[in-house]
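Engineer: One structure, as structure tokens, below. Some questions next.
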Amino acid sequence: MNILSLFILVPVLMLLGFIPCKNIKQVRTVAVIGAVVELIMAVALLFLFYKERAIDPTSEMLFYDDSITWFKTLNIKYAIGVDGISVLMILLTSIIILTGTFASWNMNPLPKDFFMWLTLLSVGVYGFFISLDMFTMFFFYEIALIPMYLLIGLWGTGRKEYSAMKLTLMLMGGSALLIVGIIGIFYNSGIESFNFVEIAKNGGIPIEAQRWIFPMTFLGFGVLGALFPFHTWSPDGHASAPTAVSMLHAGVLMKLGGYGCFRIAMRLMPEAADELGWIFLVLTGISVVYGAFGAIAQTDLKYINAYSSVSHCGLVLFAILMVNKTALTGAVMQMLSHGLMTALFFALIGMIYGRTHTRDIRQLGGLMKIMPFLSVCYVLAGLASLGLPGLSGFVAEMTIFVGSFEHADMFHRVLTIMAVSSIVITAVYILKVVGKILYGPVIDDHHLELTDAVWYEKIATAGLIVCVAGMGMFPGWISNLIRESIPYL
Amino acid sequence: MKLSEYLLMKPELSLIVVFLLLIFYDLFASEKAKKHYFPVACGLFLVHTIVCFFFCVPDSATAFGGMYITGPAQITIKHVLNIGLFLIFLQANTWLSRPDTIFKRGEFFMLTILTLLGMYLMVSSGNFLLFFIGLEMASLPVAALVAFDKYRHHSAEAGAKYIFNAVFSSAVMIFGISFIYGACGTLYFAELGANMLYDPLLIMGMIFFMCGLFFKIALVPFHLWAADVYEGSPTNVTLYLSTISKGAAAFALMAILYKVFPVLSNVWVDVISIIIMLTILVGNLFALRQKNMKRFLAFSSISQAGYIMLSVFSGTSLGMSATIYFIFVYVFSNLAAFGVITAIENKTGKVNMDDYNGLYYTNPKLALAMMIAMFSLGGIPPTAGFFSKFFVFIAAMDQGHTFLVFFALINTVISLFYYLLVVKAMFIKKNNSPIECVKTDGYLKASLVLSMIGIGLVGLVSCIYEYFASVSFGI
């Protein structure tokens with residue numbers, strides 16, 4: 001059996017494993033074992049991938065490829081395969097699922113249902129990253145979206161019903177655009193195929209068709225990537241979601257949008273991207289700056305982080321639209337960096353909220369004295385977010401800006417400078433929060449009785465910090481892996 | 001008339017045998033012997049379904065001078081109707097064992113089987129006369145079924161509404177058929193298809209004819225009877241009306257459009273595109289605000305009929321396979337949803353959406369079944385509903401109806417909103433007096449389990465769609 005299919009099989013087996021579980025301990029055991037197995041598989045895949053690529057360094061996206069005909073009449077196949085980028089994405093997913101499991105250690109109520117939905121979500125995410133066939137890809141994409149509704153609606157906080165509905169409907173609206181786009185590609189590709197690697201190689205979409213399919217697919221995926229006018233689901237959704245779901249959603253699910261944009265919209269329709277890309281470039285530019293300003297204005301920790309996600313994910317799409325090797329490398333690195341960093345943020349916010357029962361920064365203060373471990377982690381996450389050298393944010397954003405600056409014309413330069421300014425704004429809201437809630441006087445005396453992180457929380461946060469710092473210190477192998485996966489640029 | 005021609009009608013013959021056996025059983029058996037009426041009736045129908053499945057050779061043939069047509073597509077849709085009706089029968093036990101209905105349970109089976117026979121004739125007809133007879137057989141007894149609980153005010157009212165609409169739409173339809181006869185001088189599909197001209201009289205005849213069928217399928221603006229009738233009739237009859245009856249009529253319409261009116265396709269494509277948009281939109285908008293679950297599903301099934309038509313009118317074999325597939329999946333999804341409603345209504349009499357609040361905490365299995373049914377109706381993977389919707393869209397895009405597909409997809413999002421409302425009620429909302437744990441009888445359980453298997457496997461197992469694709473034909 002293909003090692004890639006195991007990534008779908010293991011979560012499905014986990015789902016079956018949850019059924020007989022009677023109490024939270026058994027549920028946890030299954031969840032942790034499954035997540036560890038996935039992580040081990042992801043690491044093994046990375047090494048196998050290196051080995052495989054050493055044999056045949058020229059082929060593109062076709063490692064461990066396999067194709068089984070599913071619906072013969074419509075040429076739908078279960079086609080899978082990975083390149084360096086998908087391998088990294090799978091690695092990111094498995095890290096975040098494992099840490100997310102630790103972060104939701106004491107899930108209440110209905111822990112079994114929670115982990116089952118979370119696992120179903122992971123089936124979708126893994127399936128999405130390994131698919132080469134757009135039908136299968138879309139199939140998994142929607143599997144990843146729908147569990148969010150119940151995960152937020154049932155276990156969330158605040159205006160959870162509203163947020164869950166808003167998030168689901170907006171993302172489903174995006175996928176409605178996607179269906180039209182995908183079927184349009186199918187009929188216009190010249191070879192009536194859903195396989196995007198095949199279409200990129202053998203097919204060609206006429207420019208008239210590209211003109212309407214490109215906006216459809218880019219917007220469709222862009223909604224999930226928090227593209228400017230369609231980003232409003234993100235703050236509400238992330239703020240209402242329980243910790244692990246916020247982590248997974250901001251850390252991995254939003255990356256599905258960027259990944260889809262560059263795999264399908266940009267890869268299959270380069271001419272239309274050239275013609276119409278500027279519209280989206282302006283929109284992403286707005287996302288980057290607007291998200292950052294939005295974060296300044298917020299007082300809820302989760303809202304701050306959600307808006308910051310809008311800004312950082314906007315940067316991903318921004319770099320993808322720059323269509324050059326350096327910027328695209330930066331985009332993927334930013335996906336990884338933001339995934340790890342934001343998961344860390346949401347995990348920490350969840351832990352702080354679990355103790356203080358408030359996320360309002362006006363009611364928090366002096367946490368550094370009360371819970372030093374969590375506070376130090378928070379500072380580190382913040383520094384990664386504002387792009388301190390040595391941590392992951394710096395390498396990603398630096399690569400993006402260098403790539404973007406390669407365009408010599410006025411339009412791209414101005415937009416790049418605008419986007420660069422977001423770093424400064426990021427520093428404002430990060431340092432403001434750090435100064436207010438970690439240092440400064442203790443506002444609520446009840447907080448003095450609170451405890452610091454326990455062992456499972458330490459595993460979750462420390463694991464993520466190791467990854468963030470590791471990526472910041474040794475970015476070379478990651479960027480090489482990405483660069484070699486995009487030989488066509 | 002040769003014996004071999006009768007033998008082509010195996011599904012009909014087998015159904016008539018079942019019908020007669022049930023009549024004799026009901027008439028001549030003693031009260032004591034009739035204790036097992038329900039399992040015997042279900043068993044007989046199951047035998048019929050299996051006989052049809054294994055002994056009907058899917059070959060194309062005509063009988064009685066072209067009056068009766070059979071072929072792989074017709075046989076396939078009959079299988080679909082059989083399976084659907086069998087599952088409906090399974091759900092009817094508790095309702096039919098009530099003291100006020102138990103003495104007429106025989107009538108329920110006979111009337112439904114008779115209407116099914118009518119649908120068989122509709123599907124297999126090769127002549128407008130046989131089609132009309134089939135249609136009347138399929139609609140008039142339904143009025144009796146709708147008014148089955150005649151001492152319940154709503155049921156009697158619904159029966160009256162239904163019979164008026166059925167008769168009126170039949171009149172409109174036969175008016176159209178008379179135009180067609182006047183223009184061409186024949187009623188045989190094969191001859192009509194060969195001699196069809198672009199003639200205003202024929203176009204008018206076709207439009208009248210189509211309007212008659214639109215009434216049966218309850219497409220907007222011919223849908224006004226649907227909600228009241230669906231709400232008033234006994235739940236099992238509602239289910240029968242909204243799945244089997246609708247599916248058969250849609251298939252018959254498609255077969256006639258492909259066979260008789262291919263020349264006029266540019267006319268009916270325009271007419272049907274407008275009808276589709278109206279149907280999907282109006283069905284959705286009305287479903288948004290419904291509080292009664294049956295009424296809610298009635299409007300949702302109106303909008304689902306719009307999706308059926310979306311694949312009907314593409315005029316290709318891809319469209320036909322998508323239609324059969326959509327009907328098949330829709331039968332399972334609707335059966336599951338109505339099965340849960342039946343279970344709860346039988347025990348508690350509650351049919352409002354608010355009553356479903358917190359259902360998951362008292363009846364987790366029923367709530368899960370309902371959720372899966374809702375996801376399938378809304379087109380969420382991995383349920384079969386996702387596949388059926390996707391294939392409908394592919395079939396429509398094949399003919400370049402991009403805007404229509406886009407419109408339908410936007411409406412899918414709207415429909416997802418109200419399907420999620422049900423999920424929200426069951427899983428998220430709190431309730432101080434939730435529905436207590438409902439015990440369902442074995443038949444209903446079996447029906448729900450079979451529907452769940454259908455929803456789960458019909459999509460993922462591709463050979464079912466491949467089979468439908470292999471039997472389909474286009475213009």
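Note on naming: chains are A, B, ... as they come in the structure tokens, residues start from 1 per chain, ligands start from 1 in the order shown.
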Find the residues of chain B in contact range of chain A, meaning any atom within 7 Å when counting only C-alpha atoms, and list them as a count of residues only.

Structural biologist: 12

Engineer: Tell me, which residues of region 161-238 of chain A carry DSSP alpha helix (DSSP H), written as an MDAnalysis selection string?

Structural biologist: chainID A and resid 161:188 196:202 207:224 233:238

Engineer: List every residue of region 3-214 of chain B that DSSP, applied to the backbone, labels as strand (DSSP E), and write the result as a list in words.

Structural biologist: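 Assigned to strand (DSSP E), within region 3-214 of chain B: Ala61, Thr62, Ala63, Tyr68, Ile69 and Thr70 of chain B.
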
Engineer: Write the residues of the preceding selection, restricted to C-alpha atoms, as a JSON list (two decimals), in the first residue's frame.

Structural biologist:
```json
[["chain", "number", "residue", "atom", "x", "y", "z"],
["B", 61, "ALA", "CA", -37.65, -3.78, -26.73],
["B", 62, "THR", "CA", -41.10, -2.52, -27.58],
["B", 63, "ALA", "CA", -44.41, -4.26, -27.23],
["B", 68, "TYR", "CA", -44.95, -0.09, -24.32],
["B", 69, "ILE", "CA", -41.22, 0.48, -24.28],
["B", 70, "THR", "CA", -38.73, -1.19, -22.06]]
```

Engineer: Please identify all polymer residues within 8 Å of Cys261 (chain A), counting only C-alpha atoms, omitting same-chain residues fewer than 5 positions from it, and present them as a PDB file with N, CA and C atoms, in the first residue's frame.

Structural biologist:
```
ATOM      1  N   THR A 217     -11.700  30.283  -9.015  1.00  0.00           N
ATOM      2  CA  THR A 217     -10.907  29.396  -8.167  1.00  0.00           C
ATOM      3  C   THR A 217     -10.110  30.208  -7.150  1.00  0.00           C
ATOM      4  N   PHE A 218      -9.577  31.341  -7.593  1.00  0.00           N
ATOM      5  CA  PHE A 218      -8.760  32.102  -6.643  1.00  0.00           C
ATOM      6  C   PHE A 218      -9.616  32.615  -5.493  1.00  0.00           C
ATOM      7  N   PHE A 221     -10.722  29.596  -3.141  1.00  0.00           N
ATOM      8  CA  PHE A 221      -9.709  29.231  -2.147  1.00  0.00           C
ATOM      9  C   PHE A 221      -9.358  30.430  -1.268  1.00  0.00           C
ATOM     10  N   GLY A 222      -9.441  31.619  -1.883  1.00  0.00           N
ATOM     11  CA  GLY A 222      -9.070  32.818  -1.142  1.00  0.00           C
ATOM     12  C   GLY A 222      -9.953  33.055   0.070  1.00  0.00           C
ATOM     13  N   MET A 266      -3.064  29.454  -9.726  1.00  0.00           N
ATOM     14  CA  MET A 266      -1.870  30.046 -10.331  1.00  0.00           C
ATOM     15  C   MET A 266      -1.186  29.081 -11.283  1.00  0.00           C
ATOM     16  N   LEU A 317      -0.957  34.871   0.421  1.00  0.00           N
ATOM     17  CA  LEU A 317      -1.568  35.054  -0.901  1.00  0.00           C
ATOM     18  C   LEU A 317      -0.836  36.144  -1.686  1.00  0.00           C
ATOM     19  N   ILE A 320       2.131  34.613  -3.177  1.00  0.00           N
ATOM     20  CA  ILE A 320       1.796  33.695  -4.259  1.00  0.00           C
ATOM     21  C   ILE A 320       1.527  34.469  -5.538  1.00  0.00           C
TER      22      ILE A 320
END
```

Engineer: What is the distance, in Å and to one decimal place, between CA of Leu321 (chain A) and CA of Phe228 (chain A)?

Structural biologist: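 Rounded to one decimal, the two atoms are 14.3 Å apart.
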
Engineer: Can you list, as a PDB file with C-alpha atoms, in the first residue's frame, every protein, DNA or RNA residue that comes within 7 Å of region 12-23 of chain B when you count only C-alpha atoms, leaving out same-chain residues fewer than 2 positions away?

Structural biologist:
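Produced file out-v3.pdb, reproduced below:
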```pdb
ATOM      1  CA  MET B   9     -43.764  -6.532 -18.871  1.00  0.00           C
ATOM      2  CA  LYS B  10     -42.278  -8.634 -16.115  1.00  0.00           C
ATOM      3  CA  TYR B  25     -55.328 -12.024   1.743  1.00  0.00           C
ATOM      4  CA  ASP B  26     -57.092  -8.941   3.001  1.00  0.00           C
ATOM      5  CA  LEU B  27     -60.527 -10.091   1.842  1.00  0.00           C
ATOM      6  CA  ALA B  41     -47.054  -7.522   2.656  1.00  0.00           C
ATOM      7  CA  LEU B  44     -44.164 -10.002  -0.792  1.00  0.00           C
ATOM      8  CA  PHE B  45     -42.984  -6.639  -1.964  1.00  0.00           C
ATOM      9  CA  HIS B  48     -41.149  -8.547  -6.056  1.00  0.00           C
ATOM     10  CA  MET B 110     -53.033  -1.829  -2.295  1.00  0.00           C
ATOM     11  CA  ILE B 113     -48.859  -0.686  -5.124  1.00  0.00           C
ATOM     12  CA  LEU B 117     -48.019   0.276 -11.223  1.00  0.00           C
ATOM     13  CA  TYR B 120     -44.249   1.847 -14.099  1.00  0.00           C
TER      14      TYR B 120
END
```

Engineer: Between CA of Ala227 (chain B) and CA of Leu135 (chain B), measure the distance and give it in Å to one decimal.

Structural biologist: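 So the two atoms, CA of Ala227 (chain B) and CA of Leu135 (chain B), lie 21.0 Å apart.
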
Engineer: Quick check, in Å to one decimal: how far apart do CA of Ala331 (chain A) and CA of Met410 (chain A) lie?

Structural biologist: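 Going from CA of Ala331 (chain A) over to CA of Met410 (chain A) covers 21.6 Å.
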
Engineer: Which polymer residues have any atom within 10 Å of an atom of Val428 (chain A), counting only C-alpha atoms, with same-chain residues fewer than 6 positions away left out, as a ChimeraX atom specification?

Structural biologist: /A:292-293,295-296,386,422

Engineer: Using only C-alpha atoms, which protein or nucleic acid residues come within 10 Å of Leu39 (chain A)? Drop anything in the same chain fewer than 5 positions from it, and give the result as a short mmCIF file (atom, residue, chain, number, x, y, z; two decimals) with C-alpha atoms, in the first residue's frame.

Structural biologist:
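Dumped to around_15.cif:
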```cif
data_model
loop_
_atom_site.label_atom_id
_atom_site.label_comp_id
_atom_site.auth_asym_id
_atom_site.auth_seq_id
_atom_site.Cartn_x
_atom_site.Cartn_y
_atom_site.Cartn_z
CA PHE A 7 -2.36 9.24 6.10
CA ILE A 33 -1.46 7.26 19.83
CA GLY A 34 -3.03 8.20 16.53
CA ALA A 44 9.35 9.14 7.84
CA LEU A 45 7.76 10.54 4.71
CA ILE A 90 1.73 17.16 6.01
CA LEU A 91 4.47 17.57 8.59
CA LEU A 92 2.91 20.82 9.79
CA THR A 93 -0.51 19.20 10.04
CA SER A 94 0.75 16.29 12.08
CA ILE A 95 2.64 18.56 14.48
CA ILE A 96 -0.39 20.74 15.06
CA ILE A 97 -2.76 17.83 15.51
CA LEU A 98 -0.49 16.29 18.13
#
```

Engineer: If you count only C-alpha atoms, which residues fall within 12 Å of Met293 (chain B), apart from same-chain ones fewer than 3 positions away, as a PDB file with C-alpha atoms, in the first residue's frame?

Structural biologist:
```
ATOM      1  CA  ALA B 227     -46.640  22.324   1.189  1.00  0.00           C
ATOM      2  CA  TYR B 230     -47.198  17.351   2.449  1.00  0.00           C
ATOM      3  CA  GLU B 231     -47.971  18.745   5.861  1.00  0.00           C
ATOM      4  CA  THR B 235     -45.903  11.145   7.137  1.00  0.00           C
ATOM      5  CA  THR B 238     -45.716  12.563   2.368  1.00  0.00           C
ATOM      6  CA  ALA B 287     -37.842  26.487   3.615  1.00  0.00           C
ATOM      7  CA  LEU B 288     -35.777  29.037   5.536  1.00  0.00           C
ATOM      8  CA  ARG B 289     -38.606  30.071   7.788  1.00  0.00           C
ATOM      9  CA  GLN B 290     -40.483  26.832   8.367  1.00  0.00           C
ATOM     10  CA  PHE B 296     -39.723  22.287   6.089  1.00  0.00           C
ATOM     11  CA  LEU B 297     -38.876  19.095   4.244  1.00  0.00           C
ATOM     12  CA  ALA B 298     -41.702  19.771   1.809  1.00  0.00           C
ATOM     13  CA  PHE B 299     -40.098  23.030   0.732  1.00  0.00           C
ATOM     14  CA  SER B 300     -36.660  21.505   0.773  1.00  0.00           C
ATOM     15  CA  SER B 301     -37.943  18.793  -1.540  1.00  0.00           C
ATOM     16  CA  ALA B 337     -34.959  12.262   7.343  1.00  0.00           C
ATOM     17  CA  PHE B 338     -38.604  11.246   7.277  1.00  0.00           C
ATOM     18  CA  GLY B 339     -37.803   8.039   9.101  1.00  0.00           C
ATOM     19  CA  VAL B 340     -36.559  10.031  12.072  1.00  0.00           C
ATOM     20  CA  ILE B 341     -39.577  12.310  11.910  1.00  0.00           C
ATOM     21  CA  THR B 342     -41.869   9.284  11.783  1.00  0.00           C
ATOM     22  CA  ILE B 344     -40.565  10.819  16.858  1.00  0.00           C
ATOM     23  CA  GLU B 345     -44.040  11.704  15.657  1.00  0.00           C
ATOM     24  CA  GLY B 349     -46.627  13.586  18.235  1.00  0.00           C
ATOM     25  CA  LYS B 350     -44.049  16.359  18.051  1.00  0.00           C
ATOM     26  CA  VAL B 351     -43.175  17.688  14.603  1.00  0.00           C
ATOM     27  CA  ASN B 352     -41.791  21.165  15.287  1.00  0.00           C
ATOM     28  CA  MET B 353     -38.159  22.032  14.908  1.00  0.00           C
ATOM     29  CA  ASP B 354     -38.062  23.479  18.415  1.00  0.00           C
ATOM     30  CA  ASP B 355     -39.091  20.108  19.791  1.00  0.00           C
ATOM     31  CA  TYR B 356     -35.912  18.676  18.324  1.00  0.00           C
ATOM     32  CA  MET B 370     -31.003  12.934  10.948  1.00  0.00           C
ATOM     33  CA  TYR B 418     -31.528  25.592   6.923  1.00  0.00           C
ATOM     34  CA  TYR B 419     -30.202  22.058   6.966  1.00  0.00           C
ATOM     35  CA  LEU B 421     -30.520  24.760  11.537  1.00  0.00           C
ATOM     36  CA  VAL B 422     -31.827  21.256  12.137  1.00  0.00           C
ATOM     37  CA  ALA B 425     -31.365  22.308  17.066  1.00  0.00           C
TER      38      ALA B 425
END
```

Engineer: Hey, which of B:Ala190, B:Leu278, B:Met254, B:Met320 ends up closest to Ala408 (chain B)? Count only C-alpha atoms.

Structural biologist: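 Among the listed residues, the smallest separation from Ala408 (chain B) belongs to B:Leu278.
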
Engineer: Between A:Gly84, A:Gly314, A:Pro235, A:Gly258, which one has atoms that come closest to Val288 (chain A), using only C-alpha atoms?

Structural biologist: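 Among the listed residues, the smallest separation from Val288 (chain A) belongs to A:Gly314.
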